[in-house]
Amino acid sequence: KTLYTMKKLLKFAGLILVVAVLSFGVSLWWSQRGTAPEQDTALVGNSLIDRFIAPVSDYFSDQKGSIKLTNEEASFAFLIPSREEVRYYVPRSGEIKSINLIKPKEKAKVVTTIKPRAIGITWSLDGTQLIATYGTDHITTNLTTGISKTLDRKITEPKFATTTDQVAYLYFDSEAKTGAISIADAQFKDFKNILKTRLKNWELQWSNERRLSLLATSAETKLTSLFLLDIAKGELTSVLDSRINLSTNWSPDGNRLLYSRQTRSGLELYYIDMASNRTVQMKLYSMASKCAWGSDNTTLYCAIPEKAAKPDDFNGSDDRFVKIDTAHPEKSPETLFTTADASFVDAREVLYAPIQQALIFKNFKDGRLYLLSLAK
């Protein structure tokens, strides 16, 4: 009987111990559960949400290296500063997409879809109209209405102005072997012939709202010359004569010209102050298209490849980024990012975003669009 009583007491004591352990476990779990929402709130408030609703310049300035904006190939990017928006073209699908720089982590929105595989696009001032080039065909599309039309095949080199809705182009009749450099409204209803020409291979660019920048390459020598055409007076002025691999990049006000040309040492950069007609050899080797002018019309931001060679040899090279003050040519270029700091990119089609204080460019290594913050 005594033994039986002892067994019952041991069982009862064991049961009490189990209940005590379970109670302690439940109490501990409940206390942790009660504090979890405060911890989650603190985490979200610290970074995960605030970083996306903060001004975009603050968001990007916290990042290191180049930030990928797209997960697909993006060509012919165009910045709309008034809307803090970048529009770009997806060559494989023909989609025109939009990135909101205020909310860069949001998925890019499809604006419309045009014919794929364009080899060039020029954008209107507000980004609502474009002209896409496909070999000998040029198709203009209104992105608001979705209406497209193919231009006359005698029209080549269409280029929207950077400050107006005008379009410059070359109209050339191959049978008559004559043509004209002309300007028209965005709908090509009203036009004006500026300069008659027998040369078919002009390359057009606007230097400002009053002048066209014209490149002409000799079929025999393959050398390129640069001219300026006053659209009001029709006056043609020679700027550069007979250069190899000449490429140009005008400041927004047209008062300074950056250009690259082939030298014995490689593809070298120069700039001209048009007011003083002074040319400065920058002793830097890159392509003019790998640079962007700041909004002050004097500051240049350039991607400088490790190699100083012909344009085709730049492929796959890693770029460092430098800042050049063209108002003070005595100053040395300032290195902003080394190749490692910039995340080993080959930057093309470089744009300067003034509100974000950043460079936007296509990385030729993967075809994606990237952003590199200049904010410190």
# chains A, B, ... in the order shown; residues from 1 in each chain; ligands from 1
call {"tool": "residues_around", "arguments": {"residues": "Leu258 of chain A", "least_positions_apart": "6", "cutoff": "10 Å", "atoms": "only C-alpha atoms", "output": "JSON, numbers by chain"}}
result
{"A": [247, 248, 249, 250, 251, 269, 270, 271, 272, 273, 279, 280, 282, 287, 288, 289, 291, 292, 293, 300, 326]}
call {"tool": "write_last_selection", "arguments": {"atoms": "C-alpha atoms", "output": "tab-separated table (two decimals), in the first residue's frame"}}
result
chain	number	residue	atom	x	y	z
A	247	SER	CA	31.51	62.56	-83.67
A	248	THR	CA	29.89	65.60	-82.02
A	249	ASN	CA	28.00	66.48	-78.84
A	250	TRP	CA	26.65	70.03	-78.39
A	251	SER	CA	26.01	71.81	-75.10
A	269	LEU	CA	38.25	64.29	-77.06
A	270	TYR	CA	38.32	68.04	-77.79
A	271	TYR	CA	35.97	70.92	-77.14
A	272	ILE	CA	35.43	74.30	-78.79
A	273	ASP	CA	34.20	77.50	-77.18
A	279	THR	CA	39.80	74.63	-79.25
A	280	VAL	CA	40.99	72.67	-76.22
A	282	MET	CA	41.41	67.42	-73.42
A	287	MET	CA	33.70	58.91	-77.79
A	288	ALA	CA	31.65	62.11	-77.69
A	289	SER	CA	28.51	59.98	-77.21
A	291	CYS	CA	29.68	62.15	-72.47
A	292	ALA	CA	26.83	64.38	-71.27
A	293	TRP	CA	26.66	68.13	-70.72
A	300	LEU	CA	30.98	67.77	-68.93
A	326	THR	CA	35.16	73.68	-69.75
call {"tool": "atom_distance", "arguments": {"atom1": "atom CA of Tyr169 of chain A", "atom2": "atom CA of Pro354 of chain A"}}
result
29.2 Å
call {"tool": "residues_around", "arguments": {"residues": "Ser332 of chain A", "least_positions_apart": "4", "cutoff": "12 Å", "atoms": "only C-alpha atoms", "output": "number ranges by chain"}}
result
A: 281-284, 322-328
call {"tool": "closest_residue", "arguments": {"among": "A:Leu371, A:Leu215, A:Ala303, A:Ala74", "to": "Asp318 of chain A", "atoms": "only C-alpha atoms"}}
result
A:Ala303
call {"tool": "residues_around", "arguments": {"residues": "Ile183 of chain A", "least_positions_apart": "4", "cutoff": "10 Å", "atoms": "only C-alpha atoms", "output": "JSON, numbers by chain"}}
result
{"A": [158, 159, 160, 161, 166, 167, 168, 169, 170, 171, 188, 190, 191, 192, 193, 194, 212, 231]}
call {"tool": "residues_around", "arguments": {"residues": "Leu236 of chain A", "least_positions_apart": "5", "cutoff": "9 Å", "atoms": "only C-alpha atoms", "output": "list of chain:residue names"}}
result
A:Leu195, A:Phe227, A:Leu228, A:Leu229, A:Asp230
call {"tool": "write_last_selection", "arguments": {"atoms": "N, CA, C and O atoms", "output": "PDB file, in the first residue's frame"}}
result
ATOM      1  N   LEU A 195      18.425  74.709 -97.361  1.00  0.00           N
ATOM      2  CA  LEU A 195      19.648  74.657 -98.157  1.00  0.00           C
ATOM      3  C   LEU A 195      19.538  73.585 -99.229  1.00  0.00           C
ATOM      4  O   LEU A 195      19.296  72.409 -98.929  1.00  0.00           O
ATOM      5  N   PHE A 227      29.686  71.371 -90.350  1.00  0.00           N
ATOM      6  CA  PHE A 227      29.194  72.688 -90.734  1.00  0.00           C
ATOM      7  C   PHE A 227      28.044  73.088 -89.815  1.00  0.00           C
ATOM      8  O   PHE A 227      27.382  72.237 -89.217  1.00  0.00           O
ATOM      9  N   LEU A 228      27.813  74.390 -89.724  1.00  0.00           N
ATOM     10  CA  LEU A 228      26.647  74.930 -89.039  1.00  0.00           C
ATOM     11  C   LEU A 228      25.764  75.635 -90.055  1.00  0.00           C
ATOM     12  O   LEU A 228      26.259  76.398 -90.892  1.00  0.00           O
ATOM     13  N   LEU A 229      24.444  75.389 -89.969  1.00  0.00           N
ATOM     14  CA  LEU A 229      23.492  75.993 -90.888  1.00  0.00           C
ATOM     15  C   LEU A 229      22.509  76.851 -90.105  1.00  0.00           C
ATOM     16  O   LEU A 229      21.788  76.341 -89.234  1.00  0.00           O
ATOM     17  N   ASP A 230      22.480  78.147 -90.400  1.00  0.00           N
ATOM     18  CA  ASP A 230      21.523  79.075 -89.795  1.00  0.00           C
ATOM     19  C   ASP A 230      20.182  78.886 -90.491  1.00  0.00           C
ATOM     20  O   ASP A 230      20.059  79.132 -91.688  1.00  0.00           O
TER      21      ASP A 230
END
call {"tool": "select_by_dssp", "arguments": {"residues": "segment 104-249 of chain A", "states": "strand (DSSP E or B)", "output": "PyMOL selection string"}}
result
chain A and resi 109-113+120-123+129-134+137-142+148-150+155-160+167-173+178-184+191-197+202-206+211-217+224-230+236-243+247-249
